[in-house]
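Data from work.txt: compact mmCIF, C-alpha atoms
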# COMPACT_ATOMS: atom_id res chain seq x y z
CA MET A 281 -75.71 -95.52 15.37
CA TRP A 282 -79.41 -95.01 16.09
CA TYR A 283 -80.89 -92.04 17.88
CA GLN A 284 -84.56 -91.25 18.36
CA THR A 285 -86.47 -88.50 20.12
CA GLU A 286 -89.68 -86.54 19.93
CA ILE A 287 -89.88 -82.81 19.30
CA ARG A 288 -92.91 -80.76 20.23
CA LEU A 289 -93.28 -77.81 17.87
CA SER A 290 -94.76 -74.54 19.03
CA ALA A 291 -98.37 -74.00 17.90
CA LYS A 292 -98.57 -72.38 14.48
CA THR A 293 -101.23 -70.51 12.55
CA ARG A 294 -102.87 -72.21 9.57
CA GLY A 295 -100.45 -72.15 6.65
CA PHE A 296 -96.94 -73.25 5.76
CA HIS A 297 -94.06 -72.59 8.13
CA LEU A 298 -90.31 -72.93 7.76
CA ILE A 299 -89.22 -75.09 10.72
CA THR A 300 -85.66 -76.01 9.72
CA ASP A 301 -84.02 -74.15 12.59
CA GLU A 302 -86.63 -75.10 15.19
CA VAL A 303 -85.94 -78.76 14.38
CA ILE A 304 -82.21 -78.83 13.68
CA ASN A 305 -81.23 -76.81 16.72
CA LYS A 306 -82.60 -79.64 18.86
CA LEU A 307 -80.57 -82.31 17.06
CA PRO A 308 -76.82 -81.90 17.70
CA GLU A 309 -76.57 -85.68 17.16
CA ILE A 310 -76.53 -85.02 13.41
CA GLN A 311 -72.96 -83.74 13.82
CA ASN A 312 -71.79 -87.20 14.91
CA LEU A 313 -72.52 -88.89 11.59
CA ASN A 314 -70.41 -89.03 8.47
CA ILE A 315 -73.12 -90.79 6.47
CA GLY A 316 -76.69 -91.19 7.55
CA LEU A 317 -80.35 -90.32 7.25
CA LEU A 318 -82.66 -88.07 9.22
CA HIS A 319 -86.29 -89.20 9.30
CA LEU A 320 -88.87 -86.69 10.50
CA PHE A 321 -92.38 -88.00 11.10
CA ILE A 322 -95.44 -86.02 12.14
CA LYS A 323 -97.87 -87.85 14.44
CA HIS A 324 -100.97 -86.12 13.06
CA THR A 325 -103.38 -86.51 10.15
CA SER A 326 -104.20 -82.84 9.54
CA ALA A 327 -100.68 -81.41 9.27
CA SER A 328 -97.82 -82.32 6.95
CA LEU A 329 -94.09 -82.16 6.33
CA THR A 330 -92.47 -81.26 3.03
CA LEU A 331 -89.29 -79.64 1.69
CA ASN A 332 -89.36 -76.47 -0.35
CA GLU A 333 -87.96 -72.99 -0.90
CA ASN A 334 -86.47 -71.46 2.24
CA ALA A 335 -85.84 -67.85 1.22
CA ASP A 336 -88.96 -65.94 0.11
CA PRO A 337 -91.92 -65.97 2.53
CA THR A 338 -94.35 -65.43 -0.36
CA VAL A 339 -93.64 -68.99 -1.53
CA ARG A 340 -95.21 -70.26 1.69
CA GLN A 341 -98.14 -67.87 1.24
CA ASP A 342 -98.65 -69.15 -2.30
CA PHE A 343 -98.57 -72.72 -0.99
CA GLU A 344 -101.43 -71.89 1.36
CA SER A 345 -103.40 -70.16 -1.43
CA TYR A 346 -102.86 -73.00 -3.90
CA PHE A 347 -103.87 -75.76 -1.50
CA ASN A 348 -106.95 -73.82 -0.39
CA HIS A 349 -108.03 -73.56 -4.03
CA SER A 350 -107.10 -77.12 -4.88
CA VAL A 351 -108.63 -78.76 -1.79
CA LYS A 352 -111.70 -76.68 -1.04
CA GLU A 353 -113.76 -76.54 2.12
CA ASN A 354 -117.46 -77.41 2.05
CA GLU A 355 -117.39 -79.58 -1.06
CA PRO A 356 -120.94 -80.94 -1.43
CA TYR A 357 -119.63 -84.50 -1.60
CA TYR A 358 -117.86 -84.41 1.77
CA LYS A 359 -119.46 -86.70 4.34
CA HIS A 360 -116.92 -86.18 7.14
CA THR A 361 -118.12 -82.71 8.19
CA TYR A 362 -118.73 -82.80 11.94
CA GLU A 363 -115.22 -81.64 12.93
CA GLY A 364 -115.51 -78.33 11.07
CA SER A 365 -115.14 -77.17 7.49
CA ASP A 366 -111.35 -77.08 7.77
CA ASP A 367 -111.03 -80.70 8.91
CA MET A 368 -111.60 -82.84 5.81
CA PRO A 369 -109.47 -80.57 3.57
CA ALA A 370 -106.75 -80.82 6.23
CA HIS A 371 -106.75 -84.62 6.00
CA LEU A 372 -106.52 -84.49 2.21
CA LYS A 373 -103.70 -81.92 2.22
CA ALA A 374 -101.82 -84.04 4.77
CA SER A 375 -101.82 -87.03 2.42
CA LEU A 376 -101.04 -84.99 -0.69
CA LEU A 377 -97.96 -83.53 0.98
CA GLY A 378 -96.99 -86.43 3.22
CA SER A 379 -96.38 -87.15 6.87
CA SER A 380 -92.61 -87.62 6.76
CA VAL A 381 -89.43 -86.44 5.09
CA THR A 382 -86.12 -88.32 4.88
CA ILE A 383 -83.01 -86.18 4.45
CA PRO A 384 -79.43 -87.35 3.86
CA ILE A 385 -76.73 -86.53 6.40
CA THR A 386 -73.19 -86.01 5.08
CA ASN A 387 -70.14 -85.09 7.16
CA GLY A 388 -72.17 -84.01 10.15
CA SER A 389 -74.73 -81.83 8.36
CA LEU A 390 -77.98 -82.19 6.44
CA ASN A 391 -77.08 -82.54 2.77
CA THR A 392 -79.91 -80.44 1.39
CA GLY A 393 -79.73 -78.04 -1.50
CA ILE A 394 -78.96 -74.43 -0.66
CA TRP A 395 -82.60 -73.38 -1.17
CA GLN A 396 -84.25 -76.31 0.61
CA GLY A 397 -85.95 -75.89 3.96
CA ILE A 398 -88.31 -78.02 6.02
CA TYR A 399 -91.95 -76.90 5.92
CA LEU A 400 -94.64 -77.69 8.42
CA GLY A 401 -98.02 -77.57 6.71
CA GLU A 402 -100.52 -76.62 9.40
CA HIS A 403 -103.85 -77.36 7.77
CA ARG A 404 -106.24 -76.77 10.69
CA ASP A 405 -107.48 -73.34 11.78
CA TYR A 406 -106.42 -74.14 15.36
CA GLY A 407 -104.14 -77.14 15.16
CA GLY A 408 -102.22 -76.46 18.36
CA SER A 409 -98.82 -77.91 19.10
CA ARG A 410 -97.65 -80.72 16.79
CA THR A 411 -95.33 -83.58 17.70
CA LEU A 412 -92.57 -84.99 15.48
CA VAL A 413 -90.76 -88.30 15.91
CA VAL A 414 -87.12 -87.87 14.88
CA THR A 415 -85.07 -90.92 13.91
CA ILE A 416 -81.38 -90.53 13.04
CA HIS A 417 -79.23 -93.41 11.92
CA GLY A 418 -75.93 -93.80 10.18
CA GLU A 419 -72.26 -94.16 10.92
CA MET B 453 -73.03 -101.15 5.29
CA TRP B 454 -73.50 -97.50 4.37
CA TYR B 455 -72.63 -95.95 1.03
CA GLN B 456 -73.34 -92.41 -0.11
CA THR B 457 -72.59 -90.46 -3.25
CA GLU B 458 -73.95 -87.67 -5.41
CA ILE B 459 -75.11 -88.10 -8.99
CA ARG B 460 -75.38 -85.22 -11.41
CA LEU B 461 -78.13 -85.87 -13.93
CA SER B 462 -77.89 -84.54 -17.46
CA ALA B 463 -80.08 -81.47 -18.09
CA LYS B 464 -83.60 -82.40 -19.14
CA THR B 465 -86.46 -80.63 -20.86
CA ARG B 466 -89.51 -79.67 -18.82
CA GLY B 467 -91.60 -82.77 -18.21
CA PHE B 468 -91.28 -86.23 -16.71
CA HIS B 469 -88.28 -88.41 -17.52
CA LEU B 470 -87.52 -92.06 -16.81
CA ILE B 471 -84.11 -92.02 -15.10
CA THR B 472 -83.90 -95.58 -13.75
CA ASP B 473 -80.95 -96.60 -15.91
CA GLU B 474 -79.11 -93.27 -15.63
CA VAL B 475 -79.18 -93.71 -11.84
CA ILE B 476 -78.77 -97.45 -11.37
CA ASN B 477 -75.89 -97.81 -13.79
CA LYS B 478 -73.86 -95.58 -11.45
CA LEU B 479 -74.63 -97.68 -8.37
CA PRO B 480 -73.00 -101.13 -8.60
CA GLU B 481 -72.92 -101.06 -4.75
CA ILE B 482 -76.56 -102.20 -4.79
CA GLN B 483 -75.32 -105.64 -5.81
CA ASN B 484 -73.47 -106.04 -2.52
CA LEU B 485 -76.60 -106.03 -0.37
CA ASN B 486 -78.94 -108.89 0.47
CA ILE B 487 -81.38 -106.63 2.30
CA GLY B 488 -81.32 -102.87 2.22
CA LEU B 489 -82.78 -99.57 1.14
CA LEU B 490 -81.87 -97.11 -1.59
CA HIS B 491 -82.69 -93.50 -0.79
CA LEU B 492 -82.63 -91.01 -3.65
CA PHE B 493 -82.89 -87.34 -2.73
CA ILE B 494 -83.06 -84.37 -5.09
CA LYS B 495 -81.32 -81.19 -3.88
CA HIS B 496 -83.78 -78.83 -5.57
CA THR B 497 -87.17 -77.26 -4.91
CA SER B 498 -88.48 -77.10 -8.48
CA ALA B 499 -87.92 -80.71 -9.56
CA SER B 500 -89.18 -83.95 -8.05
CA LEU B 501 -88.71 -87.70 -7.81
CA THR B 502 -91.51 -90.27 -8.04
CA LEU B 503 -92.07 -93.86 -9.14
CA ASN B 504 -94.45 -94.73 -11.93
CA GLU B 505 -95.05 -96.65 -15.14
CA ASN B 506 -91.84 -97.40 -17.04
CA ALA B 507 -93.14 -98.71 -20.38
CA ASP B 508 -95.34 -96.30 -22.32
CA PRO B 509 -93.91 -92.79 -22.91
CA THR B 510 -97.41 -91.34 -23.17
CA VAL B 511 -97.83 -91.89 -19.43
CA ARG B 512 -95.05 -89.36 -18.83
CA GLN B 513 -96.64 -86.99 -21.35
CA ASP B 514 -99.98 -87.30 -19.54
CA PHE B 515 -98.22 -86.58 -16.23
CA GLU B 516 -96.93 -83.31 -17.67
CA SER B 517 -100.37 -82.42 -19.06
CA TYR B 518 -102.17 -83.26 -15.84
CA PHE B 519 -99.81 -81.31 -13.60
CA ASN B 520 -99.90 -78.29 -15.92
CA HIS B 521 -103.71 -78.28 -15.68
CA SER B 522 -103.76 -78.97 -11.96
CA VAL B 523 -101.06 -76.46 -10.98
CA LYS B 524 -101.51 -73.58 -13.39
CA GLU B 525 -99.13 -70.79 -14.21
CA ASN B 526 -100.15 -67.16 -13.62
CA GLU B 527 -102.78 -67.82 -10.98
CA PRO B 528 -103.98 -64.36 -9.86
CA TYR B 529 -103.28 -65.21 -6.24
CA TYR B 530 -99.56 -66.00 -6.72
CA LYS B 531 -97.28 -63.48 -5.03
CA HIS B 532 -93.96 -65.20 -5.80
CA THR B 533 -93.79 -64.21 -9.48
CA TYR B 534 -90.40 -62.58 -10.07
CA GLU B 535 -88.62 -65.80 -11.09
CA GLY B 536 -90.92 -66.45 -14.06
CA SER B 537 -94.36 -67.93 -14.57
CA ASP B 538 -93.02 -71.48 -14.41
CA ASP B 539 -91.36 -71.03 -11.01
CA MET B 540 -94.16 -71.06 -8.44
CA PRO B 541 -95.96 -73.98 -10.15
CA ALA B 542 -92.64 -75.82 -10.13
CA HIS B 543 -92.33 -75.41 -6.34
CA LEU B 544 -95.88 -76.69 -5.84
CA LYS B 545 -95.40 -79.69 -8.14
CA ALA B 546 -92.16 -80.54 -6.33
CA SER B 547 -93.98 -80.80 -2.99
CA LEU B 548 -96.98 -82.65 -4.43
CA LEU B 549 -94.70 -85.31 -5.90
CA GLY B 550 -91.92 -85.25 -3.33
CA SER B 551 -88.18 -84.77 -3.18
CA SER B 552 -87.14 -88.33 -2.40
CA VAL B 553 -87.95 -91.97 -3.03
CA THR B 554 -86.96 -94.95 -0.90
CA ILE B 555 -86.75 -98.30 -2.68
CA PRO B 556 -86.12 -101.73 -1.13
CA ILE B 557 -83.04 -103.71 -2.15
CA THR B 558 -83.36 -107.51 -2.17
CA ASN B 559 -80.64 -109.97 -3.18
CA GLY B 560 -78.52 -107.34 -4.89
CA SER B 561 -81.27 -105.67 -6.94
CA LEU B 562 -83.97 -103.05 -6.53
CA ASN B 563 -87.13 -104.87 -5.51
CA THR B 564 -89.54 -102.79 -7.57
CA GLY B 565 -92.56 -104.06 -9.43
CA ILE B 566 -92.03 -104.99 -13.06
CA TRP B 567 -93.70 -101.78 -14.29
CA GLN B 568 -92.10 -99.37 -11.83
CA GLY B 569 -89.47 -96.89 -12.93
CA ILE B 570 -87.90 -93.81 -11.36
CA TYR B 571 -89.19 -90.51 -12.73
CA LEU B 572 -87.48 -87.15 -12.59
CA GLY B 573 -90.10 -84.41 -12.69
CA GLU B 574 -88.39 -81.41 -14.27
CA HIS B 575 -90.81 -78.59 -13.53
CA ARG B 576 -88.81 -75.58 -14.79
CA ASP B 577 -88.59 -74.53 -18.43
CA TYR B 578 -84.80 -74.47 -18.18
CA GLY B 579 -83.90 -76.34 -15.00
CA GLY B 580 -80.42 -77.37 -16.05
CA SER B 581 -78.54 -80.25 -14.47
CA ARG B 582 -80.01 -81.65 -11.25
CA THR B 583 -78.09 -83.27 -8.40
CA LEU B 584 -79.21 -86.32 -6.42
CA VAL B 585 -77.83 -87.53 -3.11
CA VAL B 586 -77.82 -91.34 -3.07
CA THR B 587 -77.73 -93.18 0.25
CA ILE B 588 -77.56 -96.98 0.30
CA HIS B 589 -77.61 -98.99 3.50
CA GLY B 590 -78.26 -102.57 4.43
CA GLU B 591 -76.43 -105.84 4.94
CA MET C 437 -81.07 -105.77 12.69
CA TRP C 438 -82.54 -106.03 9.21
CA TYR C 439 -85.68 -107.95 8.32
CA GLN C 440 -87.44 -108.03 4.97
CA THR C 441 -90.47 -109.84 3.63
CA GLU C 442 -93.29 -109.47 1.13
CA ILE C 443 -96.96 -109.27 2.06
CA ARG C 444 -99.71 -110.03 -0.38
CA LEU C 445 -102.82 -108.01 0.44
CA SER C 446 -106.28 -109.36 -0.26
CA ALA C 447 -107.92 -107.83 -3.34
CA LYS C 448 -109.80 -104.62 -2.54
CA THR C 449 -112.50 -102.59 -4.23
CA ARG C 450 -111.58 -99.24 -5.74
CA GLY C 451 -111.18 -96.71 -2.95
CA PHE C 452 -109.20 -96.16 0.22
CA HIS C 453 -108.81 -98.99 2.73
CA LEU C 454 -107.43 -99.07 6.26
CA ILE C 455 -104.82 -101.86 6.22
CA THR C 456 -102.99 -101.26 9.49
CA ASP C 457 -104.07 -104.54 11.10
CA GLU C 458 -103.71 -106.61 7.92
CA VAL C 459 -100.08 -105.47 7.71
CA ILE C 460 -98.99 -105.27 11.35
CA ASN C 461 -100.41 -108.64 12.33
CA LYS C 462 -97.93 -110.21 9.90
CA LEU C 463 -94.93 -108.39 11.41
CA PRO C 464 -94.20 -109.58 14.96
CA GLU C 465 -90.56 -108.62 14.27
CA ILE C 466 -91.47 -105.03 15.12
CA GLN C 467 -91.63 -106.05 18.77
CA ASN C 468 -87.90 -106.88 18.76
CA LEU C 469 -86.78 -103.31 18.16
CA ASN C 470 -86.27 -100.48 20.64
CA ILE C 471 -85.54 -97.95 17.92
CA GLY C 472 -86.11 -98.47 14.24
CA LEU C 473 -88.01 -97.79 11.06
CA LEU C 474 -90.66 -99.70 9.16
CA HIS C 475 -90.62 -99.15 5.39
CA LEU C 476 -93.67 -100.29 3.43
CA PHE C 477 -93.37 -100.24 -0.35
CA ILE C 478 -96.07 -101.08 -2.88
CA LYS C 479 -94.84 -102.79 -6.06
CA HIS C 480 -97.47 -101.21 -8.31
CA THR C 481 -98.04 -97.98 -10.22
CA SER C 482 -101.82 -97.72 -9.89
CA ALA C 483 -102.20 -98.11 -6.13
CA SER C 484 -100.69 -96.10 -3.28
CA LEU C 485 -99.83 -96.02 0.40
CA THR C 486 -100.48 -93.11 2.73
CA LEU C 487 -101.20 -92.42 6.41
CA ASN C 488 -104.42 -90.81 7.53
CA GLU C 489 -107.37 -90.86 9.90
CA ASN C 490 -108.14 -94.34 11.20
CA ALA C 491 -111.49 -93.86 12.94
CA ASP C 492 -114.30 -92.59 10.72
CA PRO C 493 -114.93 -94.55 7.50
CA THR C 494 -116.39 -91.45 5.82
CA VAL C 495 -112.87 -89.96 5.72
CA ARG C 496 -111.86 -92.76 3.35
CA GLN C 497 -115.02 -92.21 1.31
CA ASP C 498 -114.23 -88.51 1.04
CA PHE C 499 -110.70 -89.36 -0.06
CA GLU C 500 -112.12 -91.40 -2.94
CA SER C 501 -114.56 -88.60 -3.87
CA TYR C 502 -111.91 -85.90 -3.72
CA PHE C 503 -109.37 -87.79 -5.82
CA ASN C 504 -112.01 -88.69 -8.41
CA HIS C 505 -112.87 -84.99 -8.75
CA SER C 506 -109.27 -83.86 -8.70
CA VAL C 507 -107.90 -86.48 -11.12
CA LYS C 508 -110.71 -87.05 -13.59
CA GLU C 509 -111.18 -89.91 -16.01
CA ASN C 510 -111.41 -89.22 -19.75
CA GLU C 511 -109.57 -85.90 -19.76
CA PRO C 512 -109.34 -84.88 -23.43
CA TYR C 513 -105.58 -84.46 -23.13
CA TYR C 514 -104.87 -88.02 -21.98
CA LYS C 515 -102.94 -90.06 -24.55
CA HIS C 516 -102.49 -93.22 -22.46
CA THR C 517 -106.05 -94.52 -22.82
CA TYR C 518 -105.84 -98.11 -24.05
CA GLU C 519 -105.86 -99.70 -20.58
CA GLY C 520 -109.26 -98.25 -19.64
CA SER C 521 -110.53 -94.90 -18.38
CA ASP C 522 -109.50 -95.71 -14.81
CA ASP C 523 -105.86 -96.43 -15.68
CA MET C 524 -104.23 -93.04 -16.30
CA PRO C 525 -105.97 -91.41 -13.29
CA ALA C 526 -104.74 -94.37 -11.22
CA HIS C 527 -101.13 -93.69 -12.22
CA LEU C 528 -101.50 -90.00 -11.33
CA LYS C 529 -103.14 -90.71 -7.97
CA ALA C 530 -100.38 -93.20 -7.18
CA SER C 531 -97.70 -90.52 -7.60
CA LEU C 532 -99.68 -87.82 -5.79
CA LEU C 533 -100.05 -90.07 -2.75
CA GLY C 534 -96.83 -92.05 -3.01
CA SER C 535 -95.66 -95.63 -3.21
CA SER C 536 -94.16 -95.97 0.25
CA VAL C 537 -94.49 -94.92 3.86
CA THR C 538 -91.76 -94.92 6.52
CA ILE C 539 -92.95 -95.18 10.12
CA PRO C 540 -90.84 -94.94 13.29
CA ILE C 541 -90.63 -97.91 15.66
CA THR C 542 -90.23 -97.15 19.37
CA ASN C 543 -90.07 -99.72 22.17
CA GLY C 544 -91.45 -102.53 20.03
CA SER C 545 -94.40 -100.69 18.50
CA LEU C 546 -95.14 -98.31 15.65
CA ASN C 547 -94.84 -94.78 17.00
CA THR C 548 -97.77 -93.30 15.12
CA GLY C 549 -100.25 -90.77 16.44
CA ILE C 550 -103.40 -92.16 17.99
CA TRP C 551 -105.49 -91.29 14.91
CA GLN C 552 -103.01 -92.45 12.26
CA GLY C 553 -103.64 -95.55 10.21
CA ILE C 554 -102.12 -97.01 7.06
CA TYR C 555 -104.26 -96.55 3.93
CA LEU C 556 -104.07 -98.56 0.74
CA GLY C 557 -105.29 -96.43 -2.14
CA GLU C 558 -106.71 -98.85 -4.71
CA HIS C 559 -107.09 -96.69 -7.79
CA ARG C 560 -108.11 -99.30 -10.37
CA ASP C 561 -111.65 -100.64 -10.78
CA TYR C 562 -110.31 -104.20 -10.57
CA GLY C 563 -106.78 -103.97 -9.21
CA GLY C 564 -106.64 -107.44 -7.73
CA SER C 565 -104.21 -108.46 -5.03
CA ARG C 566 -101.39 -106.00 -4.30
CA THR C 567 -97.91 -106.87 -3.03
CA LEU C 568 -95.96 -104.89 -0.45
CA VAL C 569 -92.24 -105.14 0.31
CA VAL C 570 -91.68 -104.69 4.04
CA THR C 571 -88.26 -103.63 5.32
CA ILE C 572 -87.65 -103.31 9.06
CA HIS C 573 -84.36 -102.15 10.50
CA GLY C 574 -83.19 -100.85 13.83
CA GLU C 575 -81.74 -102.03 17.08
Have the structure of the file written as structure tokens, please.
Amino acid sequence: MWYQTEIRLSAKTRGFHLITDEVINKLPEIQNLNIGLLHLFIKHTSASLTLNENADPTVRQDFESYFNHSVKENEPYYKHTYEGSDDMPAHLKASLLGSSVTIPITNGSLNTGIWQGIYLGEHRDYGGSRTLVVTIHGE
Amino acid sequence: MWYQTEIRLSAKTRGFHLITDEVINKLPEIQNLNIGLLHLFIKHTSASLTLNENADPTVRQDFESYFNHSVKENEPYYKHTYEGSDDMPAHLKASLLGSSVTIPITNGSLNTGIWQGIYLGEHRDYGGSRTLVVTIHGE
Amino acid sequence: MWYQTEIRLSAKTRGFHLITDEVINKLPEIQNLNIGLLHLFIKHTSASLTLNENADPTVRQDFESYFNHSVKENEPYYKHTYEGSDDMPAHLKASLLGSSVTIPITNGSLNTGIWQGIYLGEHRDYGGSRTLVVTIHGE
């Protein structure tokens, strides 16, 4: 069984956002699989997908603080500067975190750990709506 | 062909550990596939999976040193501090390295390079046993 | 439908290289799929694969600058030093960026965003030719 669709996420502020429910609620097809994989892919180069702690909002705040310290704006060696000071760091953060996640499906549900949620990393100041390609396959 | 199981890894000390044999020895199903993919997924947000050099143990030691310098404990801007000074860095390391690896299967074996091994990144001081979801599919 | 092959990339200088065309031109099989996934896997521990901006070459230059600042050569704590000062940073960069990318296939084409391209991160001074394992599956 293969199923594929695109999901358009609501526009988010710069930072890390828990999007598990926004994504999963649009994918009842997961319930049809006993064994399978969910592949989420973001069609952008300045936003990212990753899995992390789904309970305490300060974890997402600390993610934003850490990545802003680790991938600074206005580094003197940046040459790609004409799209704004937030642009080149956004590209770097996107590759550090990744543009897709693959999650196992077991008995009709995502087989994640109890504390795992899906994060959108919005790395632009005004990134707007982001589009995901969802691919589900299994049996 | 789809096959899925969970593997419980023995508890490991903080650092990077080569787990190729511990994982593969439990998966004779790989031998049944001519072409396929092995997906390994860790059900935790403070440990990670990655592929890297499988020969010299000092590479894994240098991984631990690098990530401890790059993602420091007790940063003044951390707000998520109540689970211990190793906790927030562990979450960050987990997302930098990733929670899953996907490895091609060819003619009944993993088709990795000769120097590639599977690393568990144990980022907590006392992380305990970690659980992987293994999904194998192919033909 | 499963299809698997290996692609040997031409040797590249140290840095980040857009390889979308070099890879896709060798994979007409993508056109046979309505829904599917392309998995690209690099069989090396000192080079990486990632997706990022495909238009402005200075983005790739800034990637090289950033990763050289973020993962320095000759750190006093490195123990794995006998393969040259570029070796241990190359291993670290490879795990930060990752050894594979998974890209959705839709109606016979890669379903990437308009600005997304496939990067090879060549992290050694003289890495030579690199080999990818390509796995395509879908329907």
Each residue of chain B with at least one atom at most 10 Å from chain C should appear once, together with its nearest atom pair and the corresponding distance in Å (one decimal); atoms considered: all atoms listed in the file; ordering: chain, then increasing residue number; output as a tab-separated table.
residue	atom	partner	partner_atom	distance
B:Asn486	CA	C:Gln440	CA	9.7
B:Ile487	CA	C:Gln440	CA	6.8
B:Gly488	CA	C:Thr571	CA	7.6
B:Leu489	CA	C:Thr571	CA	8.0
B:Leu501	CA	C:Ser531	CA	9.4
B:Thr502	CA	C:Ser531	CA	6.2
B:Leu503	CA	C:Ser531	CA	6.7
B:Asn504	CA	C:Thr481	CA	5.1
B:Glu505	CA	C:Thr481	CA	5.9
B:Asn506	CA	C:Thr481	CA	9.2
B:Asp508	CA	C:His516	CA	7.8
B:Pro509	CA	C:His516	CA	8.6
B:Thr510	CA	C:His516	CA	5.5
B:Val511	CA	C:His516	CA	5.7
B:Arg512	CA	C:His516	CA	9.1
B:Gln513	CA	C:Lys515	CA	7.7
B:Asp514	CA	C:Tyr514	CA	5.5
B:Phe515	CA	C:Leu528	CA	6.8
B:Ser517	CA	C:Tyr513	CA	6.9
B:Tyr518	CA	C:Val507	CA	8.1
B:Phe519	CA	C:Leu528	CA	9.1
B:His521	CA	C:Tyr513	CA	9.9
B:Ser522	CA	C:Ser506	CA	8.1
B:Lys545	CA	C:Leu532	CA	9.5
B:Ser547	CA	C:Leu532	CA	9.5
B:Leu548	CA	C:Leu532	CA	6.0
B:Leu549	CA	C:Leu532	CA	5.6
B:Gly550	CA	C:Gly534	CA	8.4
B:Val553	CA	C:Ser536	CA	8.1
B:Thr554	CA	C:Ser536	CA	7.4
B:Ile555	CA	C:Phe477	CA	7.3
B:Pro556	CA	C:Thr571	CA	7.1
B:Ile557	CA	C:Thr571	CA	9.1
B:Thr558	CA	C:Gln440	CA	8.2
B:Asn563	CA	C:Val569	CA	7.7
B:Thr564	CA	C:Lys479	CA	5.5
B:Gly565	CA	C:Lys479	CA	4.3
B:Ile566	CA	C:Lys479	CA	7.9
B:Trp567	CA	C:Thr481	CA	7.1
B:Gln568	CA	C:Thr481	CA	6.3
B:Gly569	CA	C:Thr481	CA	9.1
B:Tyr571	CA	C:Ser531	CA	9.9
B:Gly590	CA	C:Trp438	CA	7.3
B:Glu591	CA	C:Trp438	CA	7.5
Output the selection as an mmCIF file, keeping the file's coordinate frame - C-alpha atoms for each residue.
data_model
loop_
_atom_site.group_PDB
_atom_site.id
_atom_site.type_symbol
_atom_site.label_atom_id
_atom_site.label_comp_id
_atom_site.auth_asym_id
_atom_site.auth_seq_id
_atom_site.Cartn_x
_atom_site.Cartn_y
_atom_site.Cartn_z
ATOM 1 C CA ASN B 486 -78.940 -108.890 0.470
ATOM 2 C CA ILE B 487 -81.380 -106.630 2.300
ATOM 3 C CA GLY B 488 -81.320 -102.870 2.220
ATOM 4 C CA LEU B 489 -82.780 -99.570 1.140
ATOM 5 C CA LEU B 501 -88.710 -87.700 -7.810
ATOM 6 C CA THR B 502 -91.510 -90.270 -8.040
ATOM 7 C CA LEU B 503 -92.070 -93.860 -9.140
ATOM 8 C CA ASN B 504 -94.450 -94.730 -11.930
ATOM 9 C CA GLU B 505 -95.050 -96.650 -15.140
ATOM 10 C CA ASN B 506 -91.840 -97.400 -17.040
ATOM 11 C CA ASP B 508 -95.340 -96.300 -22.320
ATOM 12 C CA PRO B 509 -93.910 -92.790 -22.910
ATOM 13 C CA THR B 510 -97.410 -91.340 -23.170
ATOM 14 C CA VAL B 511 -97.830 -91.890 -19.430
ATOM 15 C CA ARG B 512 -95.050 -89.360 -18.830
ATOM 16 C CA GLN B 513 -96.640 -86.990 -21.350
ATOM 17 C CA ASP B 514 -99.980 -87.300 -19.540
ATOM 18 C CA PHE B 515 -98.220 -86.580 -16.230
ATOM 19 C CA SER B 517 -100.370 -82.420 -19.060
ATOM 20 C CA TYR B 518 -102.170 -83.260 -15.840
ATOM 21 C CA PHE B 519 -99.810 -81.310 -13.600
ATOM 22 C CA HIS B 521 -103.710 -78.280 -15.680
ATOM 23 C CA SER B 522 -103.760 -78.970 -11.960
ATOM 24 C CA LYS B 545 -95.400 -79.690 -8.140
ATOM 25 C CA SER B 547 -93.980 -80.800 -2.990
ATOM 26 C CA LEU B 548 -96.980 -82.650 -4.430
ATOM 27 C CA LEU B 549 -94.700 -85.310 -5.900
ATOM 28 C CA GLY B 550 -91.920 -85.250 -3.330
ATOM 29 C CA VAL B 553 -87.950 -91.970 -3.030
ATOM 30 C CA THR B 554 -86.960 -94.950 -0.900
ATOM 31 C CA ILE B 555 -86.750 -98.300 -2.680
ATOM 32 C CA PRO B 556 -86.120 -101.730 -1.130
ATOM 33 C CA ILE B 557 -83.040 -103.710 -2.150
ATOM 34 C CA THR B 558 -83.360 -107.510 -2.170
ATOM 35 C CA ASN B 563 -87.130 -104.870 -5.510
ATOM 36 C CA THR B 564 -89.540 -102.790 -7.570
ATOM 37 C CA GLY B 565 -92.560 -104.060 -9.430
ATOM 38 C CA ILE B 566 -92.030 -104.990 -13.060
ATOM 39 C CA TRP B 567 -93.700 -101.780 -14.290
ATOM 40 C CA GLN B 568 -92.100 -99.370 -11.830
ATOM 41 C CA GLY B 569 -89.470 -96.890 -12.930
ATOM 42 C CA TYR B 571 -89.190 -90.510 -12.730
ATOM 43 C CA GLY B 590 -78.260 -102.570 4.430
ATOM 44 C CA GLU B 591 -76.430 -105.840 4.940
#
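For the choices A:Asn354, A:Ser389, A:Ala327, A:Ala370, the atom-to-atom distance to Asn305 (chain A) is smallest for A:Ser389 when using all atoms listed in the file.
Rounded to one decimal, CA of Gly401 (chain A) and CA of Phe452 (chain C) lie 22.6 Å from each other.
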Distance in Å - CA of Leu546 (chain C) versus CA of Leu298 (chain A): 27.0 Å
Asp366 (chain A) environment, 8 Å, all atoms listed in the file, sequence neighbours closer than 3 positions dropped, as a PyMOL selection string: chain A and resi 353+363+369-370+403-405
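For the atom pair formed by CA of Asp473 (chain B) and CA of Ser565 (chain C), the distance is 28.3 Å, given to one decimal.
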